[in-house]
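Below is one structure, written out as structure tokens, with a few remarks after it.
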Protein chains: 4
Amino acid sequence: MTHFACDYAEGAHESVLRRLLETNLEQTVGYGEDAYCDSARDLIRDLCQDDSLDVHFLVGGTQTNTTVIAAALRPHQGVIAAASGHINVHETGAIEATGHKVLSVPSQDGKLSALEVRRVYDAHWQDETREHMVQPGMVYLSQPTENGTLYSLAELTDLWETCQDLGLLLYIDGARLGYGLMSPACDMTLPELAHRCDAFSIGGTKQGILFGEALVLAHPALKRDFRYHIKQRGGLLAKGRLLGLQFCAILEDGLYFELSRHADRLALELRRAFEERGYEMLYDSHTNQQYPILPDGLLEKLAKDFAFAFWTKPDDAHTAVRVCTSWATEEQAVKDLICALDRLDGT
Amino acid sequence: MTHFACDYAEGAHESVLRRLLETNLEQTVGYGEDAYCDSARDLIRDLCQDDSLDVHFLVGGTQTNTTVIAAALRPHQGVIAAASGHINVHETGAIEATGHKVLSVPSQDGKLSALEVRRVYDAHWQDETREHMVQPGMVYLSQPTENGTLYSLAELTDLWETCQDLGLLLYIDGARLGYGLMSPACDMTLPELAHRCDAFSIGGTKQGILFGEALVLAHPALKRDFRYHIKQRGGLLAKGRLLGLQFCAILEDGLYFELSRHADRLALELRRAFEERGYEMLYDSHTNQQYPILPDGLLEKLAKDFAFAFWTKPDDAHTAVRVCTSWATEEQAVKDLICALDRLDGT
Amino acid sequence: MTHFACDYAEGAHESVLRRLLETNLEQTVGYGEDAYCDSARDLIRDLCQDDSLDVHFLVGGTQTNTTVIAAALRPHQGVIAAASGHINVHETGAIEATGHKVLSVPSQDGKLSALEVRRVYDAHWQDETREHMVQPGMVYLSQPTENGTLYSLAELTDLWETCQDLGLLLYIDGARLGYGLMSPACDMTLPELAHRCDAFSIGGTKQGILFGEALVLAHPALKRDFRYHIKQRGGLLAKGRLLGLQFCAILEDGLYFELSRHADRLALELRRAFEERGYEMLYDSHTNQQYPILPDGLLEKLAKDFAFAFWTKPDDAHTAVRVCTSWATEEQAVKDLICALDRLDGT
Amino acid sequence: MTHFACDYAEGAHESVLRRLLETNLEQTVGYGEDAYCDSARDLIRDLCQDDSLDVHFLVGGTQTNTTVIAAALRPHQGVIAAASGHINVHETGAIEATGHKVLSVPSQDGKLSALEVRRVYDAHWQDETREHMVQPGMVYLSQPTENGTLYSLAELTDLWETCQDLGLLLYIDGARLGYGLMSPACDMTLPELAHRCDAFSIGGTKQGILFGEALVLAHPALKRDFRYHIKQRGGLLAKGRLLGLQFCAILEDGLYFELSRHADRLALELRRAFEERGYEMLYDSHTNQQYPILPDGLLEKLAKDFAFAFWTKPDDAHTAVRVCTSWATEEQAVKDLICALDRLDGT
């Protein structure tokens, strides 16, 4: 059985494990105040070309999103997100559990536009009874989105300028940031992204390390006392160095980007294979997550050897699945899947 | 200037005030444990034909909704509501502030159907990753809805049986319950409603008293320790008897229902007047709130003498407004408005 | 049976009721944006000799405390309070329900000192692991305290300067503020108090009106968007004018202070009577709440005609009770109690 | 520099790392539903001699405590804990952030007694105004406590029976459970502990693995839907198998207990050394955390080669520090510290 269901089926890249082994018996202070975390912070600031950024390391994505959003909003404020945004559907109401509404906006492709953000903002402020409604305080994007789609530099710039204009904070969930930035369809660099938001995350868990997300804070008000928030939300890892070490291992020498490019390339190979065989894609993804719509008969046969994630049923005879590649996906696995497509289709 | 903007522009019916005056210098225990509150509780149990109901008195509607919903749900659960439901749009995220997501369902007329409830429930439980999503725990309805529309007895029965079947609690927001029950279009009685939900409120503020909502609890699990929840959410009035006294005054001798019928009659008179003059109604309301779509020119002229609440702009030349009657609306005010319609239209 | 158990056993002073009657059928806008609320706001600003203050009207004390404290604190911050403070013991964890810890300080007399505040602050900031602990963000005082004791002007000045120095907000719960300010033992004026805190409340419920607390905000950061917080916490009264009208009625012509002085005078008469008969007082109160320690036998006999609030049992043979006077207490009731003391003692 | 400051200064025992290496490129499902987690669950059930237990794996201690406590309590309930309990002082108000008060009880040695629990319970329920106060819903213990002290089997049995009698849930924080159970002063077994509480944790982070806590649930009401709570609080690790694998590695063949015994033995050797040299201990600890009170002059000299954690200053000339051993502490390090004591004392 070969897993294409998700991008967290394996452990970590060998250079990450090696680093953990090499340093295992060293003694360091805890809670992320060690030299390895500092090095990883420096690496990230360098990659972003911005020395003023604060960088924190957390264990998981839901934790990261919740911590930064709850730290940023006042009690009467909510966060604008695409209806398909991870915080709106797949975090068991973690944002609401901290007291804040997700102001969801319907979206076909998983993206939000500057126009929609402005519309939500205006609808709020133009209403005379605005005090009876949740005030928009922040915008949440994911790059790439949960659908694998990407914001262009122009779109992000537009969103950023709109947020600046309206006094909204902009946060980018980068759980799969590498797969986004390395996509051939992506026209922005990491520094360009870093300078168009108030905070963003750099996902590690799905990008080659065992676990860990880097949270990058640009806005001064967010930086203040942030470690308290991490601790309160249960995200301050005792052996914090494990996060620093892993990010060092993956960010030095560009391994993070190399592995991302690898996954994107294989994913796009699969997309091409599906499309060449006449299968439509649910979303126009250029990253490591692809969403082919397959005949149920074919899917059933494929399922004997390959694991996908069920996504939706567009009609009675077809199913859309998520097919993921990752840093760990082998060329051979992709070839096997394409062969199977040819072998099983029409049988 | 005559107010048709809302149903809380005046104080209270004179018999309510009289009761407060008569008892003013009596000394009673506080926090709703006095004999007047007990009498009001008995009155409500009698009207509902159910001795097993618990009744609490709170000051306002947002407080009432928040207290009962937060008391009922476990942390990972949310409440299903029509997107236009009061808790979803007009309570400044009070439900979310207690940690719970409102699982909103788009609705044209402000109502939820049993089918939609079942769909939300099934979508949750059929998903393999359900633990990543908020679990539906309760259904919130308003009778009448925020749009003035009404659930029929058959619809409510269907919802109630569905909730029973699925293990969901059913709560009915009755901020304008009297206007609902007394509408000529309503086919249910108070006992019929009371036996088809786990909890419901009987609005007082908009129904002839100074302030106050009665919260009626039918489900045993909700009854337990409920006064703690009221206190924690800031709703335990020191001079609790003021609520008991007012509900006694309005519920004895059927005044509550008489005043409701009065308001509905005048509202439907206005509806007829609008329709006869060719104005469409935004919603098919048979209660005290009417939503005519008026030409902007006419509206501007009317606005010199009459206050309405802005609702929405269906197109560039028209505006839908809310026109409310209440227990306090005078026949003459309605006549004046109709006259003005005739006088100003086409001028 | 004569009630001395609390100061909310009756309704409201007749001039308050008269005002409600006179204006009952007037139509006004809701939610505290009417002219009566504006007048009451002006009255309070005048009494405080400060035009820059924001004034909001809420229904109850727990609601008022919770709303202002939750609006002021960031998620990782807590509020310093005497262990006997109302928010720490008698609000069913309402502050915690909004996510914040009450940092309680043991206190013999119900008061906090500047020194203790500084000690809590220093203990936090000097600890290297401070991020693992709740950060002090605000100080909560009650004037008079729950024990009837009073802060002197020097003590309050010291607390205020300390808070200013340490960057802590200072909030004063004035649920019984009139009884405090009018006490012969009080050496501060309302403007003096108003200029030594960031926010404070002026209690109405226990001071002669039916219900209602005025919340006065001095700190600019607290003023912003405050009405959203009131709405979210369930405190925005639909017929908000009821609050404005009542505060107008009680604050015009100094009635508020006159009634407070009356209650204090009677309470101190009772204190003197207890002390002259050899009964000790649990606290050194100079306001309307007195706490005599009575032999159980005497108390049992008194209890046939007089209601007190049980407070504590200092030993097996004695009980401390709360004896309250109020704006509504009659001279004769006090005389009757003193007579009863003489008649029943030693029998 | 040798670290005695904490028990999380190193990585993990080599057999833990080996297990991660061996399985690194295996593909498994995520979120703790893999076979390794199942094996670890079975191991724990076996060690507890109870097949009915539910076992979940979380990343950190604060997360574990918060998740189980927030899942267990209704909104108006709080958790009774010793004032020195980790949840009361060192989790940045994480419990309060979920809406619940920690009902703290002063404690000299870090322990709670059954008598004190009953006293808190009775004080609540005997008060007529109990609804104005937080209702006790759960008891939190740590075994060993934050001070290194231990509950005896008799004490725990007494607490458990009291909780059963009063309808309170009992949760035991076992962040250092191994060090507790393996102490020569401990008279209870793991199954005995497991049968005297509703939930408890088995700490991994401080006990030889990289990170991870096992949460064991005995009470049926806690088991229901528990994975939702873990996800909502940010604790559902994507590569959940990392936790299962580590717990397998450490629990198989008794390594967990062997390493704990090692740490305890060295800690008690240090205690003996301190005491033989005339230094008092702040607490009577028989586990891996020792709290000697040292002259400041000596401490300053020791600090050049050894890192301790500052604890408190009992007087101007002395400092109490925490001296921790762990699974990773080497015999030589202990010998070095004892030598240094002899060399530096009196110099």
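Naming works like this for the structure tokens: A, B, ... for the chains as they're shown, residue 1 at the start of each chain, ligands 1 onward in shown order.
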query: Which chain A residues are at most 7 Å from chain B (counting only C-alpha atoms), as a list of chain:residue names?
result: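 My answer is A:His76, A:Val89, A:His90, A:Glu91, A:Thr92, A:Gly93, A:Glu96, A:Ala97, A:Thr98, A:Gly99, A:His100, A:Lys101, A:Glu131, A:His132, A:Met133, A:Val134.
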message: With only C-alpha atoms as the counted atoms, please give the residues lying no more than 12 Å from Asp165 of chain B, apart from itself and same-chain residues fewer than 3 positions off, as a PyMOL selection string.
response: chain B and resi 114+117-118+121+158-162+168-170
- request: Give me every strand (DSSP E) residue in segment 8-165 of chain A, going by DSSP on the backbone, as JSON, numbers by chain.
  value: {"A": [54, 55, 56, 57, 58, 77, 78, 79, 80, 81, 82, 102, 103, 104, 105, 135, 136, 137, 138, 139, 140, 141, 142]}
Keeping C-alpha atoms for every residue in the selection just given, could you write it to a file as a short mmCIF file (atom, residue, chain, number, x, y, z; two decimals), in the first residue's frame?
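Now in part-v4.cif:
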```cif
data_model
loop_
_atom_site.label_atom_id
_atom_site.label_comp_id
_atom_site.auth_asym_id
_atom_site.auth_seq_id
_atom_site.Cartn_x
_atom_site.Cartn_y
_atom_site.Cartn_z
CA ASP A 54 10.34 37.83 15.85
CA VAL A 55 10.32 34.08 15.39
CA HIS A 56 8.71 31.49 17.67
CA PHE A 57 8.55 27.74 17.30
CA LEU A 58 5.39 25.81 18.07
CA GLN A 77 -13.28 41.11 17.15
CA GLY A 78 -13.33 38.24 14.68
CA VAL A 79 -11.13 36.97 11.90
CA ILE A 80 -12.16 37.04 8.24
CA ALA A 81 -11.42 33.76 6.44
CA ALA A 82 -12.47 31.85 3.37
CA VAL A 102 -14.55 33.27 12.28
CA LEU A 103 -16.20 35.62 9.79
CA SER A 104 -16.36 33.23 6.87
CA VAL A 105 -16.61 34.27 3.24
CA GLN A 135 -15.97 43.61 14.41
CA PRO A 136 -13.50 42.40 11.78
CA GLY A 137 -10.02 42.58 13.29
CA MET A 138 -7.84 40.27 11.23
CA VAL A 139 -7.68 38.50 7.88
CA TYR A 140 -6.58 34.87 7.68
CA LEU A 141 -5.17 33.46 4.44
CA SER A 142 -3.43 30.20 3.72
#
```
message: I want to know what sits within 12 Å of Pro144 of chain D, based on only C-alpha atoms, with residues of the same chain fewer than 4 positions away left out; could you give that as a PyMOL selection string?
response: chain D and resi 85-86+109-112+148-152+156+172-183+185-186+188+193+201-203+264+284-289
field: Residue with smallest distance to Gly208 of chain D - pool D:Leu259, D:Ala70, D:Leu268, D:Ile230, counting only C-alpha atoms
entry: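 Answer, going by the shortest atom-to-atom distance: D:Leu259.
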- request: For atom CA of Arg271 of chain B and atom CA of Ala317 of chain B, determine how far apart the two atoms are, in Å to one decimal place.
  value: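 Those two atoms sit 20.5 Å apart.
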- prompt: Of the residues B:Gly61, B:Tyr36, B:Arg74, B:Val68, which is the one nearest to Phe226 of chain D, using only C-alpha atoms?
  reply: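 Of B:Gly61, B:Tyr36, B:Arg74, B:Val68, the one nearest Phe226 of chain D is B:Arg74, counting only C-alpha atoms.
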task: If you run DSSP over the backbone, which residues in segment 56-219 of chain B end up helix (DSSP H, G or I)? Put them as a ChimeraX atom specification.
output: /B:61-72,86-89,94-97,114-125,130-132,153-166,177-181,190-194,205-207
task: For Ala199 of chain C, work out the shell of residues within 8 Å, counting only C-alpha atoms and skipping chain neighbours fewer than 2 positions away, then give it as a list in words.
output: Leu170, Tyr171, Ile172, Ala194, Cys197, Ser201, Leu215, Val216, Leu217, Ala218 and His219 of chain C
- request: Would you kindly return, as an MDAnalysis selection string, each protein, DNA or RNA residue with an atom no farther than 12 Å from any atom of Gln290 of chain B, considering only C-alpha atoms and excluding same-chain residues fewer than 5 positions away?
  value: chainID B and resid 4:7 145:149 263:275 279:285 308:311 320:326
- prompt: Can you tell me, as a ChimeraX atom specification, what residues are no more than 9 Å from segment 239-256 of chain A when counting only C-alpha atoms, ignoring any on the same chain fewer than 2 positions away?
  reply: /A:13,15-20,23,28-41,43-44,47,57-59,178,204,207-214,236-237,258-261,327 /D:8-11,205,210-211
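Of note, atom CA of Arg233 of chain D and atom CA of Arg233 of chain A are spaced 7.4 Å apart.
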query: In Å to one decimal, how far is atom CA of Phe306 of chain C from atom CA of Leu337 of chain C?
result: 7.6 Å
statement: Counting only C-alpha atoms, closest pick from D:Pro106, D:Gly235, D:Pro295, D:Pro184 relative to Gly60 of chain D is D:Gly235
query: Excluding same-chain residues fewer than 5 positions from Asp316 of chain B, what lies within 12 Å of it counting only C-alpha atoms, as an MDAnalysis selection string?
result: chainID B and resid 293:297
